[in-house]
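**Q** Mind looking over this structure? Questions follow.
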Amino acid sequence: MSRIEPFYDSEDMSICISANTKFGELKEQIAKDHLYFPLAWDENATLLQMLQLSPITSYSMIFGSWADNILGMNIKYKGKKLPLGGRVVKNVTGFDFVRAIAYGGWTVLEPIEMVLRLRPKDTIESLKISGEIDSLKTFCNDLKSSPWGLSIDVLDFYFENKKYAVHVTYHGRDHEREILNKEMHRRAELCKLDATNIDYQFPFKYTDNLTIIHTTISKTMYWCNKLQDALNGSGIIHFGNGTIFWKSESEPSECQLLNWTEELSQEGGFAKTKDFQPPVNEELQKSHNNFIAQLELEP
Amino acid sequence: MSDQTEVIDWQTEWTELLRKACPDAHVLTDPIELTAYENDGLGFHRYQPDCVVIVNSADDIAPILKVAQVCEFPYTIRGAGTSLSGGPVAVEGGLIIHLSRLNKVLEINKEDMYCVVEPGLVLNRLNAYLKPYGLFYPPDPSSGFASTLGGNVAENAGGIRCFRYGVTANYVLGVEVIQQDGTLVRFGGAAAQGGTANSFNWTSLMVGSEGTLGVITKIWLKLKPIPEKVWTFLAEYKDLESSTKAITELVHMPTPPVAIEFIDNAVVQLVENSKMAVGISKDAWVILTEIDGPQPLVDARVDELKQILGRHGATKVSAEDDAEKRLKLWKARKVAGGLMGQLSPDLMIQDAVIPRSYLQEVLQFIYDQGEELDIPVLNVFHAGDGNLHPNFLFDNRIPGDIDNIKTLSKRLIEKVIEVGGTLSGEHGIGNDKSCYLDKIFSEEEINFQMTILKALNLNDQMNPGKIIPQRSYVGCCAPHKMQRKGNQ
Ligand SMILES: Cc1cc2nc3c(=O)[nH]c(=O)nc-3n(C[C@H](O)[C@H](O)[C@H](O)COP(=O)(O)OP(=O)(O)OC[C@H]3O[C@@H](n4cnc5c(N)ncnc54)[C@H](O)[C@@H]3O)c2cc1C
């Protein structure tokens, strides 16, 4: 028996669940207790699929990455279930393999069960802000670095050839949402943008052809233009975190992904798709290989 | 641990080699000077190093590690030495590499909301540098006035506001590390919010590694905008049960407070009998909590907070937005540890985390156990995270007191593990808690933990005796140790 076994504790707002659970199933199980796991985005995809694609999603703006919200896991190691981490929200007992795996997108040592930190669900409201691209950029930049940026759940920039929009999501009691709504309208007006209430859902599905780019916030537009030229299609920038989800008819070639990663890796970023992620970067090759040898795993 | 410790046999020529390797650094060997490096914030577990090098530049470090490699002596990295788990002490003697002078802010990037710092920079100084940019670095250990960012990263420090903002690990985008063989590597960087491709995330392994996986020489940190408005609330309760019920409701708020701190009535009495008194009724159990953000929104939340705090039989609830008065409340909270020194000559501060639904049960358990062993127990801790910090008061001179402390600590740890908790939430394991590791981890888990050390820390030369108790450095200079290992 592992130290970590499947459980659900609504009072402590945590759950240990198979990594292959579809998000829709998790959602249903916890909704009755007014809880949710905000970082997952496709009800038909499994938790592991989404985690491995990108630890940064829309709600990372407020809740951080998946890695910040996975408290523990069981992995399969040498044919046995091995527990890592635990079920509490702070844990510095030993090396942080939970984060190391959750942030690694790695398929060699992958979670079979995960302990997730859940959040109390509130009424959520979204606005679509539309107008000129430069004004939208100003809107996003000003918002993310103002104190209001601390109260925004989602700041997603939609990028398509000559079609741009920003989606802002926030939660709260009625009077709180009213204040937030008013402020977002004021900011939109200042930037000569239109703001309309919508029911915002992350528009892409896991089954779409998705390319993920991790870069700095200021370089997201440069990368969106590059992806537009190379692949066509459309993208969502998670503006607070510098991550791009790009959807296109065709996938980029391995060569393109490698070239992009070479450029992105100057600052620690990279490009990947579901089927391809760049090889271990040169800088960490030696540590990686040493470690793999100690773990007695195939490189 | 101390009776098992075997110090190495330091050779004077090693000191000379170190001086030559980094002529600009300060090399200390005078026993009087070395005394300052004997212990950390815990105060006990004293181990004198043989030599200390205070480096002036990160370039000094690789040559030092090369000397250590050739001469085969153990070394320990030290920031400000405020650790509360015995992290920066030279359990087996050898060298301490002191990094406090590597204290520069290398970059502040307002648009991308990150900064790059050297590891010796003191946390609160970073926030002073960031203020003009309208940004701040949220993790806030109470030692922020002294502790360094390198130490914070190596311990994965937490603090009062981490309930809402998260711990150090949530903010470290990348690190530059000098590995045992002197190689400089960079893990992550400004664009690394998405982690790593195709491998472990090495930055995450470095965070909380307690100086056992390399010397961190540069850190990329994520930043947040400074909140415009802050309200601090103080609620008084007549008993433990009412206060823990209020905590549960606060934790379940969809927009929870940034901090939820618990102060028991014994600590309140101490504070109220001191110059730091803030007018709390002396027999009260207290919750200190805070909300922050943009002004209109935060102001609109005040009533709800007051209602929640008042719902569970609070005898008094006050809300404060005046900066000076708020600061006074937090000072009263933070000074508690210091005031405990008035009650007893020695103090053991524990650090464990439990699922929050067990708060009342575990707190009551600690009070009962303390009473049984005649050890006063005082509690002031990060309740929102379930991060307990029970303080055990004792007098090392009284025979039996230290044994009672060990018994009490052991019972606490066993209870914490029984309810699904863990050994440490922010102070780390060091050499203080390593003896409990096998209570929570199975042999397989400990072996798994060891693999990373075997990959990056040959012969346990870096910070031996920490995290995993059986870690002891065996270099050619310590054949007696080899013998001991063989004898075991
Ligand atoms: C009054 C007081 C209050 C405290 N409050 C809190 C609190 O609220 N939250 C909390 O989390 N902690 C708290 N602490 C504990 C302590 O301050 C933290 O653990 C802090 O992070 C240690 O930083 P430091 O610079 O003092 O590191 P040190 O104590 O010098 O070292 C700590 C560990 O980090 C390693 N290390 C240091 N620098 C490096 C580096 N550059 N590279 C690799 N390894 C390195 C050392 O080897 C050691 O193992 C408190 C301590 C005191 C005395």
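We label chains A, B, ... in the order they appear in the structure tokens, count residues from 1 in each chain, and number ligands from 1 in the order shown.
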Give me, as a PyMOL selection string, the contact residues of chain B against chain A at a cut-off of 7 Å, counting only C-alpha atoms.
**A** chain B and resi 111-112+156+170+185-186+188-202+204-205+208-209+225-228+252-255+293-294+297+300+353-357+385+420-426+428-429+445+449+451-452+454-455+467
**Q** For chain B versus ligand 1, which residues have an atom no more than 6 Å away, and what is each residue's nearest atom pair and distance in Å rounded to one decimal, using only C-alpha atoms and all ligand atoms, chain-then-number order, as a Markdown table?
**A**
```
| residue | atom | partner | partner_atom_place_in_ligand_line | distance |
| --- | --- | --- | --- | --- |
| B:Gly41 | CA | ligand 1 | 53 (C) | 4.5 |
| B:Thr76 | CA | ligand 1 | 47 (O) | 5.3 |
| B:Ile77 | CA | ligand 1 | 47 (O) | 4.0 |
| B:Arg78 | CA | ligand 1 | 30 (O) | 3.8 |
| B:Gly79 | CA | ligand 1 | 30 (O) | 3.3 |
| B:Ala80 | CA | ligand 1 | 26 (O) | 3.7 |
| B:Gly81 | CA | ligand 1 | 30 (O) | 3.3 |
| B:Thr82 | CA | ligand 1 | 26 (O) | 3.5 |
| B:Ser83 | CA | ligand 1 | 29 (O) | 3.5 |
| B:Leu84 | CA | ligand 1 | 15 (C) | 4.9 |
| B:Gly87 | CA | ligand 1 | 49 (O) | 3.5 |
| B:Pro88 | CA | ligand 1 | 48 (C) | 3.9 |
| B:Pro119 | CA | ligand 1 | 41 (N) | 4.9 |
| B:Pro141 | CA | ligand 1 | 8 (O) | 3.3 |
| B:Ser142 | CA | ligand 1 | 5 (N) | 3.9 |
| B:Ser143 | CA | ligand 1 | 3 (C) | 4.1 |
| B:Ser147 | CA | ligand 1 | 25 (O) | 3.8 |
| B:Thr148 | CA | ligand 1 | 25 (O) | 3.6 |
| B:Gly150 | CA | ligand 1 | 41 (N) | 4.0 |
| B:Gly151 | CA | ligand 1 | 27 (O) | 3.4 |
| B:Asn152 | CA | ligand 1 | 21 (O) | 3.3 |
| B:Ala154 | CA | ligand 1 | 34 (O) | 4.4 |
| B:Glu155 | CA | ligand 1 | 21 (O) | 5.2 |
| B:Ala157 | CA | ligand 1 | 11 (O) | 3.3 |
| B:Gly158 | CA | ligand 1 | 11 (O) | 4.0 |
| B:Gly159 | CA | ligand 1 | 8 (O) | 4.1 |
| B:Glu210 | CA | ligand 1 | 49 (O) | 3.8 |
| B:Gly211 | CA | ligand 1 | 44 (N) | 3.3 |
| B:Gly214 | CA | ligand 1 | 43 (C) | 5.8 |
| B:Val215 | CA | ligand 1 | 42 (N) | 3.9 |
| B:Ile216 | CA | ligand 1 | 42 (N) | 3.7 |
| B:Thr217 | CA | ligand 1 | 41 (N) | 5.7 |
| B:Glu426 | CA | ligand 1 | 11 (O) | 4.1 |
| B:His427 | CA | ligand 1 | 19 (O) | 4.9 |
```
**Q** Excluding A:Ile237 and residues on its chain fewer than 3 positions from it, collect all residues at most 8 Å away from it, counting only C-alpha atoms, and give them as JSON, numbers by chain.
**A** {"A": [156, 157, 158, 159, 220, 242, 243, 244, 245]}
**Q** Selection from above, N, CA, C and O atoms, as a PDB file, in the first residue's frame, can you write it?
**A**
```
ATOM      1  N   ASP A 156      -6.648  36.314 -20.997  1.00  0.00           N
ATOM      2  CA  ASP A 156      -6.290  35.573 -22.214  1.00  0.00           C
ATOM      3  C   ASP A 156      -6.394  36.490 -23.433  1.00  0.00           C
ATOM      4  O   ASP A 156      -7.436  37.120 -23.649  1.00  0.00           O
ATOM      5  N   PHE A 157      -5.332  36.534 -24.193  1.00  0.00           N
ATOM      6  CA  PHE A 157      -5.293  37.375 -25.395  1.00  0.00           C
ATOM      7  C   PHE A 157      -5.521  36.467 -26.599  1.00  0.00           C
ATOM      8  O   PHE A 157      -4.751  35.545 -26.842  1.00  0.00           O
ATOM      9  N   TYR A 158      -6.582  36.712 -27.350  1.00  0.00           N
ATOM     10  CA  TYR A 158      -6.884  35.897 -28.531  1.00  0.00           C
ATOM     11  C   TYR A 158      -6.217  36.534 -29.744  1.00  0.00           C
ATOM     12  O   TYR A 158      -6.395  37.722 -30.012  1.00  0.00           O
ATOM     13  N   PHE A 159      -5.452  35.744 -30.471  1.00  0.00           N
ATOM     14  CA  PHE A 159      -4.660  36.276 -31.584  1.00  0.00           C
ATOM     15  C   PHE A 159      -4.960  35.496 -32.855  1.00  0.00           C
ATOM     16  O   PHE A 159      -4.712  34.299 -32.953  1.00  0.00           O
ATOM     17  N   THR A 220       5.591  37.608 -26.393  1.00  0.00           N
ATOM     18  CA  THR A 220       4.479  36.770 -26.858  1.00  0.00           C
ATOM     19  C   THR A 220       3.964  37.212 -28.229  1.00  0.00           C
ATOM     20  O   THR A 220       3.626  36.376 -29.064  1.00  0.00           O
ATOM     21  N   GLY A 242       3.047  34.434 -20.036  1.00  0.00           N
ATOM     22  CA  GLY A 242       3.904  34.313 -21.223  1.00  0.00           C
ATOM     23  C   GLY A 242       3.827  32.959 -21.907  1.00  0.00           C
ATOM     24  O   GLY A 242       4.805  32.517 -22.503  1.00  0.00           O
ATOM     25  N   THR A 243       2.675  32.306 -21.799  1.00  0.00           N
ATOM     26  CA  THR A 243       2.508  31.011 -22.467  1.00  0.00           C
ATOM     27  C   THR A 243       1.509  31.154 -23.615  1.00  0.00           C
ATOM     28  O   THR A 243       0.481  31.826 -23.460  1.00  0.00           O
ATOM     29  N   ILE A 244       1.818  30.522 -24.750  1.00  0.00           N
ATOM     30  CA  ILE A 244       0.921  30.593 -25.912  1.00  0.00           C
ATOM     31  C   ILE A 244       0.416  29.193 -26.248  1.00  0.00           C
ATOM     32  O   ILE A 244       1.207  28.253 -26.331  1.00  0.00           O
ATOM     33  N   PHE A 245      -0.889  29.046 -26.414  1.00  0.00           N
ATOM     34  CA  PHE A 245      -1.488  27.843 -26.998  1.00  0.00           C
ATOM     35  C   PHE A 245      -1.831  28.227 -28.434  1.00  0.00           C
ATOM     36  O   PHE A 245      -2.631  29.134 -28.638  1.00  0.00           O
TER      37      PHE A 245
END
```
**Q** Can you list every residue in stretch 165-242 of chain A that DSSP puts in helix (DSSP H, G or I), as JSON, numbers by chain?
**A** {"A": [174, 175, 176, 177, 178, 179, 180, 181, 182, 183, 184, 185, 186, 187, 188, 189, 190, 217, 218, 219, 220, 221, 222, 223, 224, 225, 226, 227, 228, 229, 230, 231]}
**Q** Would you mind telling me which residue in B:Val177, B:Cys162, B:Ile405, B:Met340 lies nearest to B:Glu290 when using only C-alpha atoms?
**A** B:Cys162
**Q** As an exercise, work out the distance from atom CA of B:Ala266 to atom CA of B:His45 in Å and give it to one decimal place.
**A**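 Spanning atom CA of B:Ala266 to atom CA of B:His45 is a straight-line distance of 27.2 Å.
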**Q** Do you have the atom CA of B:Trp330-atom CA of B:Leu234 distance handy?
**A** 10.2 Å
